[in-house]
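Colleague: Sharing a structure, written as structure tokens. Questions coming.
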Amino acid sequence: MEIFDRVITGVSYYPEHWGRENWKTDIENIVDMGMSVVRLAELSWGVMESEDGKFNFDWLEDFIDTAGKKGLKIVLGTPSEATTVWLRAAYPEIVRVDEAGIRHGGRGMHCHTSPVFRFYTGRITAEMANRFGGNPHVIGWQIDNEFRAVDCYCSACRHAFQVWLKNKYETIEKLNNAWGTWFWSQHYNSFEEVELPALKEVTISTSQILDYKRFVSWSTVDFQSRQIEIIRRAAPHQFISHNSLGLYPNLNMYDLARDLDIMAWDAYPHVDEDFVNMAKTHDLIRAAKHGNFWMLEQKNGYFNGSDYNLAITPGLVRAWGMFDISRGANGVLFYRYRANRWGQEQNPNGILRHDGSKRRAYFEIQQMNRELAPLSEKLGKTTVEAAVALIHNYDDIWSAQAKKQYTNFDCHKLEDDFYRVLLSLGITPDLIHPEDDLSPYKIVIAPNLFLLSQKTADNMKRFVESGGAAVFHIRCGQKDTGNVMVDIPWPGLVRELLGVTVDEFEAFPDHMGNSATYKGKTYPIRWWADVLNPDTAQAEALYAEKFYRGKPAVTARHVGKGRAVYFGVAGCRELIGDYLGDLFRDYGIKTIRTPDKVYITTRKNREVSYTFIINLGTETKEIDPCITGTDLITGKKIGMTVQVAPLETLIIEHQ
Amino acid sequence: MEIFDRVITGVSYYPEHWGRENWKTDIENIVDMGMSVVRLAELSWGVMESEDGKFNFDWLEDFIDTAGKKGLKIVLGTPSEATTVWLRAAYPEIVRVDEAGIRHGGRGMHCHTSPVFRFYTGRITAEMANRFGGNPHVIGWQIDNEFRAVDCYCSACRHAFQVWLKNKYETIEKLNNAWGTWFWSQHYNSFEEVELPALKEVTISTSQILDYKRFVSWSTVDFQSRQIEIIRRAAPHQFISHNSLGLYPNLNMYDLARDLDIMAWDAYPHVDEDFVNMAKTHDLIRAAKHGNFWMLEQKNGYFNGSDYNLAITPGLVRAWGMFDISRGANGVLFYRYRANRWGQEQNPNGILRHDGSKRRAYFEIQQMNRELAPLSEKLGKTTVEAAVALIHNYDDIWSAQAKKQYTNFDCHKLEDDFYRVLLSLGITPDLIHPEDDLSPYKIVIAPNLFLLSQKTADNMKRFVESGGAAVFHIRCGQKDTGNVMVDIPWPGLVRELLGVTVDEFEAFPDHMGNSATYKGKTYPIRWWADVLNPDTAQAEALYAEKFYRGKPAVTARHVGKGRAVYFGVAGCRELIGDYLGDLFRDYGIKTIRTPDKVYITTRKNREVSYTFIINLGTETKEIDPCITGTDLITGKKIGMTVQVAPLETLIIEHQ
Amino acid sequence: MEIFDRVITGVSYYPEHWGRENWKTDIENIVDMGMSVVRLAELSWGVMESEDGKFNFDWLEDFIDTAGKKGLKIVLGTPSEATTVWLRAAYPEIVRVDEAGIRHGGRGMHCHTSPVFRFYTGRITAEMANRFGGNPHVIGWQIDNEFRAVDCYCSACRHAFQVWLKNKYETIEKLNNAWGTWFWSQHYNSFEEVELPALKEVTISTSQILDYKRFVSWSTVDFQSRQIEIIRRAAPHQFISHNSLGLYPNLNMYDLARDLDIMAWDAYPHVDEDFVNMAKTHDLIRAAKHGNFWMLEQKNGYFNGSDYNLAITPGLVRAWGMFDISRGANGVLFYRYRANRWGQEQNPNGILRHDGSKRRAYFEIQQMNRELAPLSEKLGKTTVEAAVALIHNYDDIWSAQAKKQYTNFDCHKLEDDFYRVLLSLGITPDLIHPEDDLSPYKIVIAPNLFLLSQKTADNMKRFVESGGAAVFHIRCGQKDTGNVMVDIPWPGLVRELLGVTVDEFEAFPDHMGNSATYKGKTYPIRWWADVLNPDTAQAEALYAEKFYRGKPAVTARHVGKGRAVYFGVAGCRELIGDYLGDLFRDYGIKTIRTPDKVYITTRKNREVSYTFIINLGTETKEIDPCITGTDLITGKKIGMTVQVAPLETLIIEHQ
């Protein structure tokens, strides 16, 4: 789609919140800021269908026409996240039931398997698509709003879960075998006996919980697919996206992305945070469709869901926008045009204040659009190309939710440690699915493969044999994808590849730990220690304390040019840093010592490269990007170490 | 009523807990302590109506006659807080339903809108009033016991809430407009569609929650009114009061006080606390009816609801009694005569132990009564006259409950900071309703006016124009009373009066803050900073840090002799102290440097003044009360700085 | 029973989890380790009765025969803890209802009063007993698994509670009097009006809660008795035991033990803990039947229910086994043979790993069995004989659950302080019921007798008059067994015996305390201070601070050779230590200065004594056991101070 090949900005607008008398000025302001796109209607069901079957889109069409005439393009949201009062009064069953069996609402907390909910959300979607599918100003759609995967325990969900299980396992005996139901007397005689893992259950299998979590994620994706089908039919030339929550753990982003034309997410960072999660989410969302993405909501003002709110530092809104673009965003839609006055969101979250006056963000966005205007076309055709991939494994996340096991075994923290090391080395990785094609990468790191499929094991083996370096981590391969412990020595399916056996382990409390030596230096180990017996692998780091002192903590096995590393320790970011630094050097991957809160990324294509350096901190920092080029913002030549001021962005064009 | 014009003491007694054989001795002891009043029957429904409609008041009348003959006066409590077992067995619906839809009891946790509950509580009240309305020993009544505002989510409450809303808004469109129901699709087609803000709701408006909180407070006051009507009819010459919880946030004390003859509250301080909340409650309860009040329960022994219990320091019971009187109590009834043996309250909470022996409290109360006897008549005719008022705003409390927003924006802490500064300056303020008559005061401080009505804005304007000084605080005027953000520049309706506009703000987390300079001194700011653009106002204090350094933090606008101050910072008690100290000096209000735990207050009338100085701490303290007079306890002349020993009370008579 | 007269070991095995192809090797391994006993079937209902009434025990009999032929003896568990899916689907009412009225499961969370549950658990028990009651390899039974006392609030439990109350109180007026229902209007007209203390209740008496807790414990014991009867009938020559949770507070271990042939418990210590709770549980379980006991589950690998898991230190499994035996275990069954792969328990908790390979535990158990083989017969006929008893009072535990009262009044902590002092002095006490025969003891310590029966008071009096020393503690005698405060001076029924009256008390918060002097030394007091007025007693320690400085904190009254001590302070382990040290010396009880984590105990009979010294810590420690003998492990002579290495066990034979 042509719109995707440029870098554009836009904004959320609610024509129904403000009198028509404001529309003209508001549209002029939007254009004046240099924006191209307006997002509408995503929570406006009550205005579009105020009574059952009584539709009113005239106001919306009027606004679209008015804005369209000024050159603005429209993205329409389907309104399924915020159902109407009359619908819930008539059909209380569309509201989620919690694990105690209590109806438990909250915005978006609907039963996504409910036929009633699917009927009514499908109907309003169809009505909208029929009305606007051919509208020349409407370029695309957003399905629903910030999908979470709602864990509903109603009878419709129980039925749907049983059907889902039947499709997966075919016979109840296969399910019994997969879950090991002889444990704790959980044997099922039929699929109809399988309950949801609710509070009333006497014994719940962790395999059952894992399948339930897969089912919940699947049912959300399936709910999205139904709306996509409807829109595709009526609006074949308009794109479809979703403003995802990004790192939200309960919804598989790879599945969610599959049917969408472009992936998107909503960013609400704190003013004083380090923005690592924002970067990580960019890297996940980009990899989910292996391409550029949009921000459908980028915070520009005060947030409504936090313990504190700092004034937005002058320059920060522009810096956020640049940051989005640097990691692959081609569209940045700010949330929202004017601050909302009612209900749960009353902080000044608009580019305009409640009283309609302009905040600093107005002028910063305007400035950013002016700076980007000459670049928009060329930049829009570049992408981020990662040499390093980090495997992001929903099976491990959900298995840990099914049973957390240990305070200091937290798959998010494990992933985070590796990710932060990559940032500090100036590396922008892709966050990929374990079964993704690994051939584009030189190095693949798998912080979490507690659950390991044969397909993933083969994928990694092929990668190593082709010359790649694969870094495996503690606990990998100990479970099959049914969440059952394997009955072969650890690390299970990759034991031969790694050439090492795990003998025993320690999951440390806060008051204990160990240490390991690597190349003569000693590093603290705080969370986990696997005691290793190498077979064909060589020891890389050794334990320095306790009864297994001298045993390997990290091993590597060389397979031609490839390498299979077992990293048997966790809670040791310093050791990860030094070890990965050496590994990257061996593999010819350039590393750049990057200070905290400074972000460096390159977007490129065959013709040109743009290296972004952005300082999101409050102090000037020094960095040597190891390239020669011209900063397109200031026009300065860059040849070696540069100083980057707080909230400064450099866009260095080079070959 | 004559009894209100004297200072008297009394005690709670439960004749039904102890054999009649104890009555004689117990009454003699009560008289021996110098008490005049006995409180009876407030939790005794089960004994008075052991089966539906089978009443038994003989035991009560017998006790009243026996006590009355010894000169004691009786206050009777209606027993509605503790319903009987048979009533709940027959009508489970009288018990509160919680927000999850689960029946959730606890003492007093009844549905106050339930017709069944109103019928049975009305009937027992009428039976009691008919029996004792003419009894010469009975002087008054206490309605129920320590009203909380029970947030019940049953169907009766839903119906009553809808009726309440219909009375308030008249048409559903007015409600839709007031709440802004276009936000998040919350549009209502009829009042019958409006639900209580329960767990099952998908979207709940903060306006809806605020109205629900008003409704809950109202329904409690309305429940009280029904009992008042019944008693007034049958007992027109007996007074009616209620033993309130004072600072309990969910019940509007001003509304509760309206129909009562005299306001009262129950005090259960910790032995080692600073007693600031006790003082503040005195100042609220006194202002709620603008007159003297009673203590219907004053702790004298161990408490039953706390994490620890220290022995009552010798002298402390007397000091508490004196403290109550100093701030406007004319009656002090101690809780309770003899320690209770059963159920939830088994600590030695009586003046007598469980075994009937006398604790020290017996002799301290006796001593206090002997000391007060010569003063009782004269003191009883004096009152506390405040020159400073502190606005206590339930709308702000409830709006914050509807959505807390920030950890460090806590309207109770904001109020507390100003109150503690007043205490440290020796000022006894009234805690008043925002629409109260302000003409008696020289200075009015409004820590919380986030929600500002036109009426209150006018009230404050009139006050300033008449020469008063009004101190407004952060966030004031940002919302209308519908809990909706205004669409005019902040501080909204008082912007012209204050001559200042709020540009932006910071709600700080614990790890951040700012500082401000005032008269050359720098003060830390920990919770909140409003960045101000003065128009007709002058800057009083300036920020010292961050990008808005040099911008005003506090402004003042002079209007004739009046002054309108905008205090744009919070979490800065030292700055408040110095600023208010200067303001009081300008307005000719005498301040007295008062150490922690020392309390100074004056009761007076046209003839005489009594200044109380009470040291509730454990160390001797020095204070200069700036008056000349005689201490009525010791007979000593007071002319300048005095030493006050731990738990010592001075009552200085002066002109 | 002959098996009880030897020291034996065994293991839990699940033939249904592993293919028959593994049985042969597994049995050979078990024999190879030197084990005698295998525990089977305790959570295997689903395999034994996969559909209602369709029983399948063939697999079980096959395994029993196979193992029996190799000389192994079998203990069978009844499977009632883990009900089948089909049973819960047909009868949802067998699952517990929580206090909110919500069905709330969890393993074992069944309604133990449910007739349906009793029918089906009775039937499967009878089927098993009929099938295996005559099996020559089966030596005994385990009822259910780790009984907790399930607090169920269903209608069946309400009915059963009312029946239980009727049996206890006979008439409702007796109940009204016992509970004091005139307090808070709780008067009952019939037993049918008495509710369970659920969330919906408006007023709940602490006496009602206490009786409910007694009822819940009783109903669990009664449920056990039903299974015992069934097994006794069908298997009169096989023993019956239960693998209890030991210190679990909600189930009266003395009642639970009554009908069993031998008491047992399950131990899952942390690797780095101090093992005090393990020792204490040994001393409770041993005293519950005044004899030796079995461990039905002794942890040997990783645990599944904790925040962390350390590798099992080499030698620790053997040390745990020795520790069990040293305090009275004659049987030690390790949990479990091979690590489980499915569901909630997936850590390597087996002697074998998931892959079937042997962990170190295999060889340690083998070593232990080789060491014990020559001793097994002689050691098995010795017992631990305690000179000191510590009273363990469920009434106090449950009364504190009914109302906790104070953060720092925790009956478990009070007991723990005394217990730890005993350990540090090398004393192994019995943890006894307050009404147990006290004549075997020289000293009886009662940390918790807040609730004191006349029978217990008489028991203690008799003991003191017979020359024993009884140590009473804070709060003793203040309540009757109905959980009602007495109306006589404190310490109530033992006031005359103690010769002291409690005047008042302080329950300290963390930020306060006092101190006391004893024999010229001053000790801190952190939790509690009773201010004492001695009558016939003499002061032993005096308060050093606050207004009651100089008043006694500890008193003693001498009655012939006997002594009655009132220990009026808590939170002062050092004072307890010095005071008890002196008391033991006076009573000729040998004390041995014992370092932390070193445990010394003696098992003996008329012929021989075996003193075990076990170091469960990580450092070598020195101890002088004050005996002369031979260490049976090393053959070394012991005559004075010995060094004990980490995880070393000495078994010193002496006279």
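By convention here, the chains of the structure tokens are called A, B, ... in the order presented, each chain's residues are numbered starting at 1, and ligands are numbered starting at 1 in the order presented.
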Pick out the residues sitting within 12 Å of Gly101 (chain A), and hand them over as a ChimeraX atom specification; count only C-alpha atoms, and ignore anything fewer than 5 positions along from it in its own chain.
Modeller: /A:95-96,151-155,196-201 /B:100-102,200 /C:100-104
Colleague: Distance cut-off 8 Å, counting only C-alpha atoms - which residues of chain B neighbour chain A? Return them as a VMD selection string.
Modeller: chain B and resid 100 to 101 179 to 189 193 199 to 207 403 405 to 408 483 to 489 504 to 509 547
Colleague: Write the selection just made, keeping C-alpha atoms, as a PDB file, in the first residue's frame?
Modeller:
ATOM      1  CA  ALA B 100     -18.869  -8.851  43.399  1.00  0.00           C
ATOM      2  CA  GLY B 101     -22.520  -9.594  44.107  1.00  0.00           C
ATOM      3  CA  TRP B 179     -21.579  12.285  32.926  1.00  0.00           C
ATOM      4  CA  GLY B 180     -20.366  12.601  29.316  1.00  0.00           C
ATOM      5  CA  THR B 181     -21.616   9.131  28.392  1.00  0.00           C
ATOM      6  CA  TRP B 182     -20.354   9.430  24.795  1.00  0.00           C
ATOM      7  CA  PHE B 183     -16.998   8.507  26.334  1.00  0.00           C
ATOM      8  CA  TRP B 184     -16.492   4.730  26.144  1.00  0.00           C
ATOM      9  CA  SER B 185     -20.011   4.072  24.765  1.00  0.00           C
ATOM     10  CA  GLN B 186     -21.805   4.539  28.075  1.00  0.00           C
ATOM     11  CA  HIS B 187     -24.951   6.194  26.637  1.00  0.00           C
ATOM     12  CA  TYR B 188     -28.161   5.406  28.580  1.00  0.00           C
ATOM     13  CA  ASN B 189     -31.608   5.205  27.042  1.00  0.00           C
ATOM     14  CA  GLU B 193     -30.434   1.027  32.404  1.00  0.00           C
ATOM     15  CA  LEU B 199     -17.600  -5.570  39.518  1.00  0.00           C
ATOM     16  CA  LYS B 200     -19.662  -6.902  36.634  1.00  0.00           C
ATOM     17  CA  GLU B 201     -19.709  -3.525  34.866  1.00  0.00           C
ATOM     18  CA  VAL B 202     -17.618  -3.200  31.711  1.00  0.00           C
ATOM     19  CA  THR B 203     -17.220   0.559  31.820  1.00  0.00           C
ATOM     20  CA  ILE B 204     -17.854   2.696  34.864  1.00  0.00           C
ATOM     21  CA  SER B 205     -17.835   6.455  34.700  1.00  0.00           C
ATOM     22  CA  THR B 206     -16.083   8.345  37.485  1.00  0.00           C
ATOM     23  CA  SER B 207     -19.129  10.622  37.510  1.00  0.00           C
ATOM     24  CA  LYS B 403     -10.182   7.291  40.833  1.00  0.00           C
ATOM     25  CA  GLN B 405      -4.940   8.931  40.124  1.00  0.00           C
ATOM     26  CA  TYR B 406      -1.646   9.321  41.995  1.00  0.00           C
ATOM     27  CA  THR B 407       0.012   7.814  45.043  1.00  0.00           C
ATOM     28  CA  ASN B 408       1.136  11.222  46.222  1.00  0.00           C
ATOM     29  CA  ASN B 483     -16.637  15.138  38.302  1.00  0.00           C
ATOM     30  CA  VAL B 484     -15.968  16.350  34.755  1.00  0.00           C
ATOM     31  CA  MET B 485     -12.936  18.402  33.728  1.00  0.00           C
ATOM     32  CA  VAL B 486     -13.887  21.990  32.906  1.00  0.00           C
ATOM     33  CA  ASP B 487     -13.303  23.312  29.395  1.00  0.00           C
ATOM     34  CA  ILE B 488     -11.985  26.646  30.574  1.00  0.00           C
ATOM     35  CA  PRO B 489      -8.412  27.405  31.636  1.00  0.00           C
ATOM     36  CA  GLU B 504       1.056  22.306  33.459  1.00  0.00           C
ATOM     37  CA  PHE B 505       1.882  20.193  36.508  1.00  0.00           C
ATOM     38  CA  GLU B 506       3.971  17.413  37.939  1.00  0.00           C
ATOM     39  CA  ALA B 507       2.575  14.692  40.194  1.00  0.00           C
ATOM     40  CA  PHE B 508       5.819  13.392  41.678  1.00  0.00           C
ATOM     41  CA  PRO B 509       6.728   9.836  42.564  1.00  0.00           C
ATOM     42  CA  PHE B 547      12.858  23.327  33.105  1.00  0.00           C
TER      43      PHE B 547
END
Colleague: Please identify which residues in region 384-593 of chain B DSSP calls helix (DSSP H, G or I) from the backbone, and express them as number ranges by chain.
Modeller: B: 394-402, 411-424, 454-465, 492-498, 573-586
Colleague: Using only C-alpha atoms, which residues sit within 8 Å of region 385-392 of chain A once same-chain residues fewer than 4 positions away are excluded, as a list in words?
Modeller: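 Listed by chain and then number, they are Glu415, Tyr419, Ile427, Thr428, Pro429, Asp430, Leu431, Ile432, His433, Pro434, Pro440, Tyr441, Lys442, Ile443, Val444, Ile445, Ala446, Pro447, Asn448, Ile589, Thr602, Arg603 and Lys604 of chain A.
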Colleague: How would you write, as number ranges by chain, the set of residues in region 309-412 of chain B that DSSP gives as strand (DSSP E or B)?
Modeller: B: 309, 329-335, 338, 352, 358, 383-384, 388-391
Colleague: Quick one: residues within 9 Å of Glu377 (chain B), only C-alpha atoms, excluding same-chain residues fewer than 6 positions away - as number ranges by chain?
Modeller: B: 5-7
Colleague: Only C-alpha atoms, please: the residues just picked out, written as a PDB file, in the first residue's frame.
Modeller:
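Final file, again.pdb:
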ATOM      1  CA  ASP B   5     -25.302  24.043  79.151  1.00  0.00           C
ATOM      2  CA  ARG B   6     -23.150  22.210  81.654  1.00  0.00           C
ATOM      3  CA  VAL B   7     -20.047  20.102  81.364  1.00  0.00           C
TER       4      VAL B   7
END
Colleague: Smallest atom-to-atom distance to Ala287 (chain A): which of A:Asp436, A:Glu195, A:Glu496, A:Asp480, using only C-alpha atoms?
Modeller: A:Asp436
Colleague: Which neighbours of Ile613 (chain B) fall inside 7 Å, counting only C-alpha atoms, when residues of the same chain fewer than 5 positions from it are skipped, and could you give them as a compact mmCIF listing (two decimals) with N, CA and C atoms, in the first residue's frame?
Modeller:
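Once written, selection_26.txt looks like this:
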# COMPACT_ATOMS: atom_id res chain seq x y z
N TYR B 599 -1.46 20.98 73.23
CA TYR B 599 -2.65 21.54 72.58
C TYR B 599 -3.13 22.74 73.37
N ILE B 600 -3.34 23.83 72.66
CA ILE B 600 -3.84 25.05 73.30
C ILE B 600 -5.11 25.50 72.58
N THR B 601 -6.16 25.75 73.35
CA THR B 601 -7.45 26.17 72.79
C THR B 601 -8.14 27.07 73.79
N THR B 649 -2.87 19.46 82.67
CA THR B 649 -3.82 20.37 82.04
C THR B 649 -3.85 21.68 82.81
N LEU B 650 -3.74 22.80 82.08
CA LEU B 650 -3.96 24.12 82.68
C LEU B 650 -5.27 24.67 82.13
N ILE B 651 -6.08 25.21 83.01
CA ILE B 651 -7.28 25.93 82.54
C ILE B 651 -7.15 27.36 83.03
Colleague: Residues near region 141-144 of chain C, anyone? I mean within 6 Å using only C-alpha atoms, not counting same-chain ones fewer than 2 positions away, as a VMD selection string.
Modeller: chain C and resid 75 to 81 240 to 242
Colleague: I need the residues from that last selection saved to file as a PDB file, in the first residue's frame (with C-alpha atoms), if you can.
Modeller:
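Dumped to result.pdb:
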ATOM      1  CA  VAL C  75       1.722 -49.908  52.542  1.00  0.00           C
ATOM      2  CA  LEU C  76      -1.418 -48.943  50.645  1.00  0.00           C
ATOM      3  CA  GLY C  77      -2.893 -45.445  50.686  1.00  0.00           C
ATOM      4  CA  THR C  78      -6.611 -44.813  50.374  1.00  0.00           C
ATOM      5  CA  PRO C  79      -7.110 -42.395  47.490  1.00  0.00           C
ATOM      6  CA  SER C  80      -9.686 -39.992  48.961  1.00  0.00           C
ATOM      7  CA  GLU C  81      -7.554 -36.863  48.657  1.00  0.00           C
ATOM      8  CA  ILE C 240      -3.247 -48.201  59.911  1.00  0.00           C
ATOM      9  CA  SER C 241      -1.389 -44.912  59.841  1.00  0.00           C
ATOM     10  CA  HIS C 242      -1.660 -41.434  58.355  1.00  0.00           C
TER      11      HIS C 242
END
Colleague: One decimal, in Å: what's the spacing between CA of Trp398 (chain C) and CA of Thr113 (chain C)?
Modeller: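 Computing it gives 20.3 Å between the two atoms.
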Colleague: Give me, please, the distance in Å between CA of Asp410 (chain A) and CA of Val565 (chain A), quoted to one decimal.
Modeller: 20.9 Å
Colleague: Pick out the residues sitting within 10 Å of Thr9 (chain A), and hand them over as number ranges by chain; count only C-alpha atoms, and ignore anything fewer than 4 positions along from it in its own chain.
Modeller: A: 30, 33-38, 294-296, 321, 330-334, 365-366, 368-369
Colleague: The selected residues should be written to file as a PDB file, in the first residue's frame (atoms: C-alpha atoms).
Modeller:
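Below you can see out.pdb, which holds the result:
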ATOM      1  CA  ILE A  30      -4.131  18.801  12.382  1.00  0.00           C
ATOM      2  CA  MET A  33       0.973  20.209  12.395  1.00  0.00           C
ATOM      3  CA  GLY A  34       1.874  18.388   9.156  1.00  0.00           C
ATOM      4  CA  MET A  35      -0.194  15.310   9.895  1.00  0.00           C
ATOM      5  CA  SER A  36      -1.719  13.032   7.222  1.00  0.00           C
ATOM      6  CA  VAL A  37      -3.933  10.599   9.094  1.00  0.00           C
ATOM      7  CA  VAL A  38      -6.799  10.754  11.582  1.00  0.00           C
ATOM      8  CA  TRP A 294       2.827   1.827  12.732  1.00  0.00           C
ATOM      9  CA  MET A 295       2.292   3.405  16.127  1.00  0.00           C
ATOM     10  CA  LEU A 296      -1.490   3.740  16.401  1.00  0.00           C
ATOM     11  CA  GLY A 321       8.420  10.049  17.550  1.00  0.00           C
ATOM     12  CA  ASN A 330       6.573   4.328   9.292  1.00  0.00           C
ATOM     13  CA  GLY A 331       3.476   5.831  10.853  1.00  0.00           C
ATOM     14  CA  VAL A 332       3.200   7.616  14.198  1.00  0.00           C
ATOM     15  CA  LEU A 333      -0.308   8.533  15.334  1.00  0.00           C
ATOM     16  CA  PHE A 334      -0.347  10.552  18.528  1.00  0.00           C
ATOM     17  CA  ILE A 365       5.145  17.474  16.316  1.00  0.00           C
ATOM     18  CA  GLN A 366       5.038  20.284  13.794  1.00  0.00           C
ATOM     19  CA  MET A 368       9.307  16.867  13.615  1.00  0.00           C
ATOM     20  CA  ASN A 369       7.095  16.768  10.547  1.00  0.00           C
TER      21      ASN A 369
END
Colleague: Provide the CA of Ala234 (chain B) to CA of Asn135 (chain B) distance in Å, to one decimal place.
Modeller: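 Those two atoms sit 11.0 Å apart.
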